[in-house]
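See below for model_4.cif, which holds mmCIF, C-alpha atoms.
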```cif
data_run
#
loop_
_atom_site.label_atom_id
_atom_site.label_comp_id
_atom_site.auth_asym_id
_atom_site.auth_seq_id
_atom_site.Cartn_x
_atom_site.Cartn_y
_atom_site.Cartn_z
CA MET A 1 -36.00 -97.68 79.16
CA PRO A 2 -33.82 -100.77 79.66
CA HIS A 3 -32.45 -101.37 83.16
CA GLY A 4 -28.68 -101.50 83.39
CA LEU A 5 -25.50 -99.56 82.68
CA GLY A 6 -25.30 -98.12 79.16
CA MET A 7 -22.69 -95.94 77.51
CA GLY A 8 -22.73 -94.25 74.11
CA GLY A 9 -25.26 -94.59 71.29
CA SER A 10 -28.98 -94.20 71.98
CA LEU A 11 -31.52 -95.50 74.47
CA GLU A 12 -32.57 -98.11 71.91
CA LYS A 13 -29.02 -99.17 71.07
CA PHE A 14 -26.21 -98.43 73.53
CA ARG A 15 -22.61 -98.79 72.38
CA LEU A 16 -21.86 -100.69 75.57
CA PHE A 17 -24.69 -102.08 77.66
CA ILE A 18 -24.53 -104.14 80.84
CA PRO A 19 -28.08 -105.18 81.83
CA ASP A 20 -29.08 -105.40 85.48
CA THR A 21 -29.07 -109.18 85.19
CA LEU A 22 -25.38 -108.98 84.15
CA GLU A 23 -26.17 -111.43 81.37
CA ASP A 24 -26.25 -110.90 77.59
CA CYS A 25 -24.08 -107.78 77.76
CA VAL A 26 -23.62 -106.03 74.43
CA ALA A 27 -20.75 -104.06 72.89
CA HIS A 28 -21.02 -102.56 69.43
CA ALA A 29 -18.12 -101.46 67.25
CA ASN A 30 -19.59 -98.07 66.39
CA CYS A 31 -22.03 -95.40 67.51
CA LEU A 32 -22.62 -91.70 67.02
CA THR A 33 -21.18 -90.77 70.44
CA PHE A 34 -17.67 -92.20 70.28
CA GLU A 35 -15.21 -93.05 67.56
CA SER A 36 -15.64 -96.41 65.87
CA GLY A 37 -13.62 -99.37 67.05
CA SER A 38 -14.10 -102.74 68.63
CA LEU A 39 -14.64 -102.80 72.39
CA LEU A 40 -14.22 -106.53 72.64
CA THR A 41 -10.95 -108.40 72.81
CA PRO A 42 -10.35 -110.92 70.05
CA SER A 43 -10.70 -114.41 71.46
CA ASN A 44 -7.04 -115.27 70.73
CA SER A 45 -5.60 -112.25 72.56
CA SER A 46 -4.69 -111.99 76.21
CA SER A 47 -4.92 -108.21 76.53
CA PRO A 48 -8.25 -106.42 77.03
CA PHE A 49 -6.95 -103.54 74.91
CA ASP A 50 -6.04 -105.58 71.86
CA LEU A 51 -8.45 -104.08 69.36
CA SER A 52 -6.69 -105.31 66.25
CA SER A 53 -9.73 -106.89 64.65
CA PRO A 54 -13.27 -105.54 64.67
CA ASN A 55 -15.41 -107.52 67.03
CA SER A 56 -18.89 -106.72 68.30
CA GLY A 57 -21.87 -108.48 69.78
CA ALA A 58 -22.81 -110.15 73.03
CA PHE A 59 -20.36 -111.01 75.76
CA SER A 60 -20.49 -112.37 79.25
CA ILE A 61 -18.70 -110.99 82.30
CA ASP A 62 -16.04 -112.97 84.07
CA VAL A 63 -14.44 -110.12 86.03
CA LEU A 64 -15.68 -106.54 86.06
CA GLU A 65 -13.84 -103.55 87.46
CA ILE A 66 -15.04 -99.96 87.52
CA TRP A 67 -12.46 -97.21 87.93
CA GLY A 68 -13.05 -93.59 88.87
CA CYS A 69 -10.75 -91.11 87.14
CA GLY A 70 -10.39 -87.36 86.83
CA GLY A 71 -7.16 -86.62 88.63
CA GLU A 72 -6.28 -86.45 92.31
CA GLU A 73 -8.44 -83.44 93.19
CA LEU A 74 -11.50 -84.52 91.23
CA VAL A 75 -11.31 -88.08 92.54
CA ASN A 76 -11.27 -86.78 96.12
CA GLU A 77 -14.11 -84.36 95.38
CA ALA A 78 -16.15 -87.09 93.71
CA LEU A 79 -15.60 -89.48 96.60
CA THR A 80 -16.73 -86.78 99.07
CA ALA A 81 -19.79 -86.09 96.89
CA GLN A 82 -20.50 -89.81 96.77
CA MET A 83 -20.37 -90.07 100.56
CA LYS A 84 -22.76 -87.09 100.82
CA ASP A 85 -25.08 -88.66 98.25
CA ARG A 86 -25.14 -91.91 100.20
CA GLY A 87 -25.87 -89.95 103.39
CA ASP A 88 -28.74 -88.10 101.69
CA ARG A 89 -30.23 -91.36 100.41
CA ASP A 90 -29.95 -92.98 103.83
CA GLU A 91 -31.68 -89.95 105.36
CA MET A 92 -34.49 -90.18 102.80
CA ILE A 93 -34.98 -93.87 103.56
CA ARG A 94 -34.98 -93.14 107.31
CA LYS A 95 -37.61 -90.42 106.86
CA ALA A 96 -39.74 -92.67 104.66
CA ARG A 97 -39.73 -95.32 107.39
CA LEU A 98 -40.99 -92.90 110.05
CA VAL A 99 -44.80 -92.68 110.56
CA ASP A 100 -46.03 -89.20 111.43
CA LYS A 101 -48.94 -90.01 113.76
CA ALA A 102 -49.78 -86.34 114.29
CA ALA A 103 -50.51 -86.01 110.56
CA PHE A 104 -53.04 -88.88 110.85
CA ALA A 105 -54.74 -87.23 113.84
CA ASN A 106 -55.26 -83.98 111.95
CA ASN A 107 -56.44 -85.42 108.65
CA MET A 108 -60.16 -86.39 108.53
CA PHE A 109 -59.74 -88.46 105.36
CA ASP A 110 -56.96 -90.61 106.88
CA GLN A 111 -58.98 -91.00 110.10
CA GLU A 112 -62.10 -92.21 108.29
CA PHE A 113 -60.63 -94.35 105.51
CA LEU A 114 -57.16 -95.51 106.62
CA LEU A 115 -57.74 -95.95 110.35
CA PRO A 116 -61.55 -96.34 110.66
CA LYS A 117 -61.43 -98.53 113.77
CA ASN A 118 -59.12 -96.22 115.70
CA TYR A 119 -61.27 -93.20 114.97
CA SER A 120 -64.75 -94.83 114.91
CA HIS A 121 -65.61 -93.15 118.21
CA LYS A 122 -65.13 -89.76 116.57
CA VAL A 123 -67.60 -90.70 113.84
CA ARG A 124 -70.10 -91.92 116.45
CA MET A 125 -69.66 -88.71 118.43
CA ALA A 126 -70.17 -86.65 115.30
CA ASP A 127 -73.32 -88.62 114.44
CA ALA A 128 -74.61 -88.21 117.98
CA SER A 129 -74.06 -84.51 117.96
CA CYS A 130 -75.86 -84.29 114.62
CA CYS A 131 -78.82 -86.13 116.15
CA GLU A 132 -78.85 -83.75 119.11
CA GLU A 133 -78.88 -80.80 116.78
CA ASP A 134 -81.69 -82.29 114.71
CA LYS A 135 -83.76 -82.93 117.86
CA ALA A 136 -83.11 -79.42 119.06
CA ALA A 137 -84.12 -78.03 115.70
CA ALA A 138 -87.28 -80.13 115.62
CA LYS A 139 -88.16 -79.04 119.14
CA ALA A 140 -87.68 -75.47 118.18
CA THR A 141 -89.97 -75.78 115.15
CA ASN A 142 -92.72 -77.41 117.30
CA ILE A 143 -92.81 -74.47 119.65
CA PRO A 144 -95.90 -72.45 118.80
CA MET B 1 34.93 -73.14 84.08
CA GLY B 2 37.18 -70.20 83.26
CA ASN B 3 36.82 -68.78 79.76
CA SER B 4 34.14 -71.22 78.68
CA ASN B 5 31.93 -70.02 81.52
CA SER B 6 32.19 -66.35 80.54
CA SER B 7 31.44 -67.12 76.89
CA THR B 8 28.44 -69.17 78.03
CA GLN B 9 27.15 -66.23 80.05
CA LYS B 10 27.48 -64.00 76.99
CA ASN B 11 25.67 -66.47 74.75
CA LEU B 12 22.81 -66.73 77.23
CA GLU B 13 21.87 -63.09 76.58
CA ILE B 14 19.74 -63.90 73.57
CA ASP B 15 16.46 -62.10 72.98
CA ASP B 16 14.30 -65.10 72.20
CA ASN B 17 15.55 -67.24 75.06
CA PRO B 18 12.36 -68.54 76.70
CA LEU B 19 14.15 -69.42 79.94
CA ASN B 20 13.82 -66.93 82.76
CA LYS B 21 16.70 -65.98 85.04
CA GLU B 22 15.96 -68.64 87.66
CA GLU B 23 15.64 -71.36 85.05
CA ARG B 24 18.93 -70.38 83.40
CA HIS B 25 20.71 -70.53 86.74
CA ALA B 26 19.13 -73.90 87.52
CA LEU B 27 20.07 -75.26 84.10
CA GLU B 28 23.63 -74.05 84.41
CA ALA B 29 23.94 -75.56 87.89
CA TYR B 30 22.56 -78.85 86.58
CA TYR B 31 24.96 -78.81 83.63
CA GLN B 32 27.97 -78.14 85.81
CA ASN B 33 27.06 -80.65 88.48
CA THR B 34 26.12 -83.42 86.08
CA PHE B 35 28.33 -83.26 83.02
CA LEU B 36 31.48 -81.39 83.92
CA HIS B 37 34.34 -83.51 85.08
CA GLU B 38 37.65 -81.71 85.49
CA ASN B 39 36.15 -78.86 83.45
CA LEU B 40 35.40 -81.14 80.52
CA PRO B 41 31.95 -82.34 79.50
CA SER B 42 31.83 -86.07 79.87
CA LYS B 43 30.13 -88.06 77.14
CA GLU B 44 29.85 -91.08 79.39
CA LYS B 45 28.14 -89.04 82.08
CA PHE B 46 25.71 -87.66 79.53
CA CYS B 47 24.89 -91.10 78.15
CA CYS B 48 24.40 -92.39 81.67
CA GLU B 49 22.16 -89.44 82.67
CA PHE B 50 19.87 -89.90 79.66
CA ALA B 51 19.97 -93.68 79.64
CA SER B 52 16.85 -95.60 78.75
CA THR B 53 16.16 -99.24 79.56
CA CYS B 54 14.05 -99.87 76.48
CA TYR B 55 16.19 -97.84 74.11
CA PRO B 56 19.75 -98.18 75.47
CA GLN B 57 21.33 -96.01 72.77
CA PHE B 58 19.10 -93.03 73.63
CA GLY B 59 21.72 -91.19 75.70
CA ALA B 60 24.41 -91.65 73.05
CA ALA B 61 21.98 -90.63 70.28
CA CYS B 62 21.06 -87.48 72.22
CA TYR B 63 24.75 -86.66 72.64
CA ARG B 64 25.43 -87.13 68.94
CA TYR B 65 22.38 -85.07 68.04
CA ILE B 66 23.44 -82.21 70.33
CA THR B 67 27.14 -82.11 69.53
CA GLY B 68 27.01 -82.98 65.81
CA ASP B 69 30.35 -83.46 64.13
CA SER B 70 32.29 -81.61 66.84
CA ASN B 71 31.53 -84.30 69.44
CA GLN B 72 32.09 -81.63 72.10
CA LEU B 73 29.31 -80.71 74.49
CA SER B 74 28.95 -77.10 75.54
CA PHE B 75 26.43 -75.37 77.73
CA GLN B 76 25.17 -73.37 74.79
CA LEU B 77 24.43 -76.51 72.76
CA PHE B 78 22.86 -78.22 75.75
CA MET B 79 20.65 -75.21 76.47
CA LYS B 80 19.52 -75.16 72.83
CA PHE B 81 18.60 -78.83 73.15
CA VAL B 82 16.63 -78.17 76.35
CA ILE B 83 14.82 -75.20 74.82
CA ASN B 84 13.89 -77.20 71.71
CA GLY B 85 12.77 -80.13 73.80
CA ALA B 86 10.99 -78.48 76.70
CA ARG B 87 10.17 -74.91 75.69
CA SER B 88 8.89 -75.33 72.15
CA ASN B 89 5.53 -76.34 70.75
CA SER B 90 4.45 -79.97 70.61
CA THR B 91 5.45 -80.41 66.96
CA LYS B 92 9.02 -79.27 67.59
CA THR B 93 9.36 -81.44 70.68
CA LEU B 94 8.15 -84.56 68.87
CA GLN B 95 10.28 -83.75 65.83
CA LEU B 96 13.30 -83.47 68.11
CA VAL B 97 12.67 -86.94 69.54
CA TRP B 98 12.12 -88.35 66.05
CA ASP B 99 15.38 -86.81 64.83
CA ILE B 100 17.29 -88.21 67.80
CA LEU B 101 15.91 -91.68 67.07
CA ALA B 102 16.94 -91.23 63.43
CA ILE B 103 20.58 -90.57 64.35
CA ASP B 104 21.58 -94.24 64.19
CA GLN B 105 19.44 -95.06 61.17
CA LYS B 106 20.25 -92.39 58.64
CA GLU B 107 22.03 -94.65 56.22
CA GLN B 108 19.37 -97.31 55.95
CA ASP B 109 16.14 -95.33 55.88
CA ASP B 110 13.81 -98.02 54.55
CA GLU B 111 10.35 -99.13 55.62
CA LEU B 112 11.61 -101.54 58.26
CA GLU B 113 13.84 -98.87 59.81
CA GLN B 114 10.92 -96.44 59.86
CA GLN B 115 8.79 -99.02 61.66
CA LEU B 116 11.60 -99.69 64.14
CA ARG B 117 11.90 -95.98 64.77
CA VAL B 118 8.17 -95.75 65.44
CA ASP B 119 8.39 -98.70 67.83
CA SER B 120 11.41 -97.11 69.56
CA PHE B 121 9.47 -93.86 69.84
CA PHE B 122 6.64 -95.60 71.67
CA LEU B 123 8.96 -97.67 73.84
CA LEU B 124 10.64 -94.47 74.94
CA LEU B 125 7.31 -92.69 75.39
CA LEU B 126 5.89 -95.46 77.57
CA GLU B 127 9.06 -95.79 79.63
CA LEU B 128 9.34 -92.03 80.25
CA SER B 129 5.66 -91.88 81.14
CA GLY B 130 6.35 -94.11 84.11
CA CYS B 131 5.51 -97.61 82.88
CA ASP B 132 7.51 -100.59 83.99
CA PRO B 133 9.93 -101.27 81.07
CA GLU B 134 9.32 -105.01 81.44
CA GLY B 135 5.85 -105.12 79.98
CA ILE B 136 5.66 -102.31 77.46
CA GLN B 137 6.82 -103.98 74.25
CA VAL B 138 3.37 -105.28 73.36
CA THR B 139 1.69 -101.91 73.94
CA ALA B 140 4.42 -100.08 72.00
CA ALA B 141 4.09 -102.46 69.05
CA ARG B 142 0.31 -102.09 69.12
CA LEU B 143 0.54 -98.29 69.09
CA GLY B 144 3.00 -98.52 66.20
CA GLN B 145 0.55 -100.71 64.29
CA HIS B 146 -2.20 -98.18 64.93
CA VAL B 147 -0.06 -95.35 63.52
CA LYS B 148 0.61 -97.46 60.44
CA LYS B 149 -3.05 -98.32 60.05
CA MET B 150 -4.22 -94.73 60.44
CA THR B 151 -1.51 -93.44 58.08
CA ARG B 152 -2.57 -95.93 55.40
CA ARG B 153 -6.22 -95.03 55.97
CA ASN B 154 -5.47 -91.38 55.27
CA ASP B 155 -3.13 -92.12 52.39
CA SER B 156 -3.39 -95.58 50.89
CA ASN B 157 -0.20 -95.05 48.81
CA SER B 158 1.89 -94.34 51.89
CA ILE B 159 4.47 -97.05 52.57
CA ARG B 160 6.77 -95.33 55.06
CA ILE B 161 5.81 -93.56 58.24
CA THR B 162 7.33 -90.11 58.36
CA SER B 163 7.70 -87.72 61.28
CA ARG B 164 4.73 -85.78 59.84
CA ASP B 165 2.57 -88.94 59.99
CA LEU B 166 3.58 -89.59 63.58
CA ILE B 167 2.94 -85.98 64.61
CA ASN B 168 -0.46 -86.02 62.88
CA TRP B 169 -1.28 -89.24 64.71
CA THR B 170 -0.25 -87.81 68.10
CA ASN B 171 -2.29 -84.65 67.44
CA GLU B 172 -5.36 -86.81 66.97
CA TYR B 173 -4.87 -89.74 69.33
CA ALA B 174 -2.23 -88.68 71.88
CA PRO B 175 -2.26 -84.88 72.19
CA HIS B 176 -0.40 -85.08 75.52
CA ALA B 177 2.46 -87.23 74.20
CA HIS B 178 4.88 -84.30 73.91
CA LYS B 179 4.28 -83.51 77.59
CA VAL B 180 5.93 -86.80 78.52
CA PHE B 181 9.21 -85.62 76.97
CA VAL B 182 8.79 -82.06 78.27
CA SER B 183 8.16 -83.34 81.79
CA TYR B 184 11.15 -85.69 81.52
CA ILE B 185 13.52 -82.85 80.55
CA ASN B 186 12.00 -80.52 83.15
CA SER B 187 12.37 -83.10 85.90
CA LYS B 188 16.03 -83.59 84.95
CA CYS B 189 17.07 -79.99 84.41
CA PHE B 190 14.70 -77.81 86.44
CA SER B 191 13.95 -79.90 89.50
CA ALA B 192 15.26 -77.08 91.71
CA VAL B 193 12.92 -74.44 90.24
CA GLU B 194 9.18 -74.03 90.51
CA LEU B 195 7.92 -74.03 86.93
CA ILE B 196 4.93 -71.70 86.76
CA GLY B 197 2.36 -72.46 84.09
CA HIS B 198 3.73 -75.88 83.26
CA VAL B 199 1.32 -78.75 83.76
CA PRO B 200 3.42 -81.91 83.84
CA PHE B 201 2.30 -85.25 82.47
CA ARG B 202 1.07 -87.36 85.37
CA SER B 203 1.34 -91.04 84.85
CA PRO B 204 -1.92 -92.90 85.53
CA ILE B 205 -1.73 -95.04 88.65
CA LEU B 206 -4.04 -97.98 89.25
CA GLU B 207 -4.63 -97.60 92.97
CA GLY B 208 -4.89 -101.02 94.54
CA GLY B 209 -3.87 -102.86 91.36
CA SER B 210 -6.02 -104.59 88.80
CA SER B 211 -6.53 -108.15 87.66
CA VAL B 212 -7.70 -107.01 84.23
CA ILE B 213 -5.39 -104.21 83.08
CA ASN B 214 -1.90 -102.94 83.75
CA GLN B 215 -0.35 -99.49 83.61
CA SER B 216 0.94 -99.73 80.04
CA ASP B 217 -2.64 -100.43 78.91
CA ILE B 218 -3.93 -97.16 80.34
CA VAL B 219 -1.05 -94.81 79.51
CA PRO B 220 -2.34 -94.47 75.89
CA LEU B 221 -5.66 -93.30 77.39
CA ALA B 222 -3.85 -90.79 79.61
CA LEU B 223 -1.98 -89.50 76.55
CA TYR B 224 -5.35 -88.72 75.01
CA ASP B 225 -7.15 -87.03 77.90
CA ILE B 226 -5.69 -85.12 80.85
CA THR B 227 -8.54 -86.27 83.11
CA LEU B 228 -7.31 -89.84 82.73
CA GLN B 229 -3.91 -88.96 84.18
CA GLY B 230 -3.00 -89.37 87.82
CA ARG B 231 -4.78 -91.54 90.33
CA TRP B 232 -7.33 -94.12 89.22
CA LYS B 233 -9.60 -95.09 92.08
CA LYS B 234 -11.02 -98.61 92.03
CA LEU B 235 -14.71 -98.18 92.80
CA TYR B 236 -15.95 -101.67 92.16
CA THR B 237 -14.57 -105.08 91.37
CA THR B 238 -16.43 -108.36 91.15
CA GLN B 239 -13.69 -110.10 93.10
CA ALA B 240 -14.08 -107.91 96.18
CA ASP B 241 -17.69 -106.73 95.93
CA GLY B 242 -19.52 -109.59 94.21
CA LEU B 243 -21.08 -109.94 90.79
CA SER B 244 -24.37 -108.12 91.36
CA PHE B 245 -25.86 -105.06 89.71
CA ASN B 246 -27.05 -103.82 93.08
CA ARG B 247 -23.43 -103.75 94.29
CA ILE B 248 -22.31 -101.99 91.08
CA ALA B 249 -24.99 -99.32 91.52
CA HIS B 250 -24.08 -98.86 95.19
CA HIS B 251 -20.41 -98.27 94.39
CA ILE B 252 -20.82 -95.92 91.42
CA LEU B 253 -23.92 -93.87 92.30
CA GLY B 254 -22.97 -90.37 93.33
CA TYR B 255 -19.49 -90.59 91.78
CA SER B 256 -20.10 -88.09 89.02
CA VAL B 257 -16.74 -87.44 87.37
CA CYS B 258 -15.55 -90.17 85.06
CA LEU B 259 -16.03 -93.91 85.04
CA ILE B 260 -14.21 -96.58 83.08
CA PRO B 261 -15.66 -100.09 83.13
CA VAL B 262 -13.31 -102.86 82.06
CA SER B 263 -14.15 -106.53 81.96
CA ILE B 264 -12.91 -109.84 80.73
#
```

Please lay out the structure from this file as structure tokens.
Amino acid sequence: MPHGLGMGGSLEKFRLFIPDTLEDCVAHANCLTFESGSLLTPSNSSSPFDLSSPNSGAFSIDVLEIWGCGGEELVNEALTAQMKDRGDRDEMIRKARLVDKAAFANNMFDQEFLLPKNYSHKVRMADASCCEEDKAAAKATNIP
Amino acid sequence: MGNSNSSTQKNLEIDDNPLNKEERHALEAYYQNTFLHENLPSKEKFCCEFASTCYPQFGAACYRYITGDSNQLSFQLFMKFVINGARSNSTKTLQLVWDILAIDQKEQDDELEQQLRVDSFFLLLLELSGCDPEGIQVTAARLGQHVKKMTRRNDSNSIRITSRDLINWTNEYAPHAHKVFVSYINSKCFSAVELIGHVPFRSPILEGGSSVINQSDIVPLALYDITLQGRWKKLYTTQADGLSFNRIAHHILGYSVCLIPVSI
């Protein structure tokens, strides 16, 4: 999927597409989502809404504005939702930055493979106890 | 008002009058306070009340349309005008405006006059929808050209634009156009009453201003979709936030209602 802001049409061919590089933006005159008509201003017109002649293809951005609509109530609701969304994302980032050391201490795999030096004494202790058990078992088998 | 008042009261008792009691009282109070001078309706006051910057003859044309040959305004005639304009369906409202604009042009009803009438219609529409009269000529002319283009697309033999063509066009491209006129009449005549069930046309407002578009550019969009009326909130602009996709994403993510990108 291309990276950027696309509106109308399909994933392969958006009616209006602004790539994440903000270069080589594309506007087509028709698609299956919206009614046909040029989205680009003729070069000899001063108004962005002068759609008198069909015009489509690549364009470059000089000034870009994005407006939120929907009426007074919906705009306020959307802005509140946007603030909440930003808060949620910030919280996720904050959580992702935190290291849960307790989880490391309780997970044998992490101890052995991610932090082998920190937990090498545990491995040595485990090996030593295994040896003790083996010796004890051998001693027991030698007893007539 | 004497005798004329009592006859008015009698005429108000009509079965199909869509005005309720409160609205009738409000309309009568407005009529008396605005148009009656020494118990006589004043043509000058009427023309002044319904004056338009872009279409200066609008008040006089309304007066001529309402009074006809008698040239005498009465409450009954005025109420009929208000009911036709603000309490009828969209077709009747738009037809009323078209007929008023035709008042001065009846004798020379050729193609040029039809085009002028269409242009006047849009000038009036844009002005009443709250646009600054200074900069609406270009948008009005462009909308007129679009009507002509669409009419010819549907019927290649059509030379003149009729009221039917204009109404068909508004049904398809500006279904809220009639609300502009309804809201205008309501705001004049019923400002003292709470109108239940009436959703007025709300002019789109570019909050914070724009360097790319102006209000007359976006009113045609608001005539098409009710969600494009009212406040427009500027979420992102390259001039204030910088030309970067990261900044764009930051300012629009989470805003899930309706976005309009415009660029030059």

Exercise for the section: May I ask you to extract the residues of chain A within 8 Å of chain B, using all atoms listed in the file, and to give them as a PyMOL selection string? Expected result: chain A and resi 4+20-22+47-50+61-72+74-75+78-79+81-83+85-86

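Put simply, atom CA of B:Leu116 is 14.8 Å away from atom CA of B:Ile136.
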
Please report, as lines of an AutoDock Vina configuration file, the centre and edge lengths in Å to one decimal of an axis-aligned box covering all listed atoms of stretch 10-15 of chain A with 8 Å per side.
```
center_x = -27.6
center_y = -96.7
center_z = 72.8
size_x = 26.0
size_y = 21.0
size_z = 19.4
```

Practice task
Kindly give the distance, in Å, that separates atom CA of B:Glu28 and atom CA of B:Phe78, rounded to a single decimal.
Solution key: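 Rounded to one decimal, the two atoms are 9.6 Å apart.
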
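Of the residues listed (B:Tyr65, B:Gly144, B:Leu223, B:Ile185), B:Leu223 shows the shortest atom-to-atom separation from B:Asn171; distances use all atoms listed in the file.
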
Handout entry: Near-A:Ala27 list (10 Å; only C-alpha atoms; drop same-chain fewer than 5 positions) as a PyMOL selection string
Key = chain A and resi 6-7+13-18+38-40+55-59

Handout entry: Point (17.9, -77.0, 75.4) neighbourhood (12 Å, only C-alpha atoms) written as a ChimeraX atom specification
Key = /B:12,17-19,23-24,27-28,31,62,65-66,74-88,93,96,182,185-186,188-190

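The environment of B:Leu123 within 7 Å, counting all atoms listed in the file and disregarding residues fewer than 2 places along the same chain, consists of Cys54, Asp119, Ser120, Phe121, Leu125, Leu126, Glu127, Ile136, Gln137 and Ala140 of chain B.
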
Problem - Among the residues B:Gln95, B:Gln115, B:Ser183, B:Ser129, the one that comes closest to B:Ser163 [using only C-alpha atoms] - result: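 That would be B:Gln95, the residue with the smallest distance to B:Ser163.
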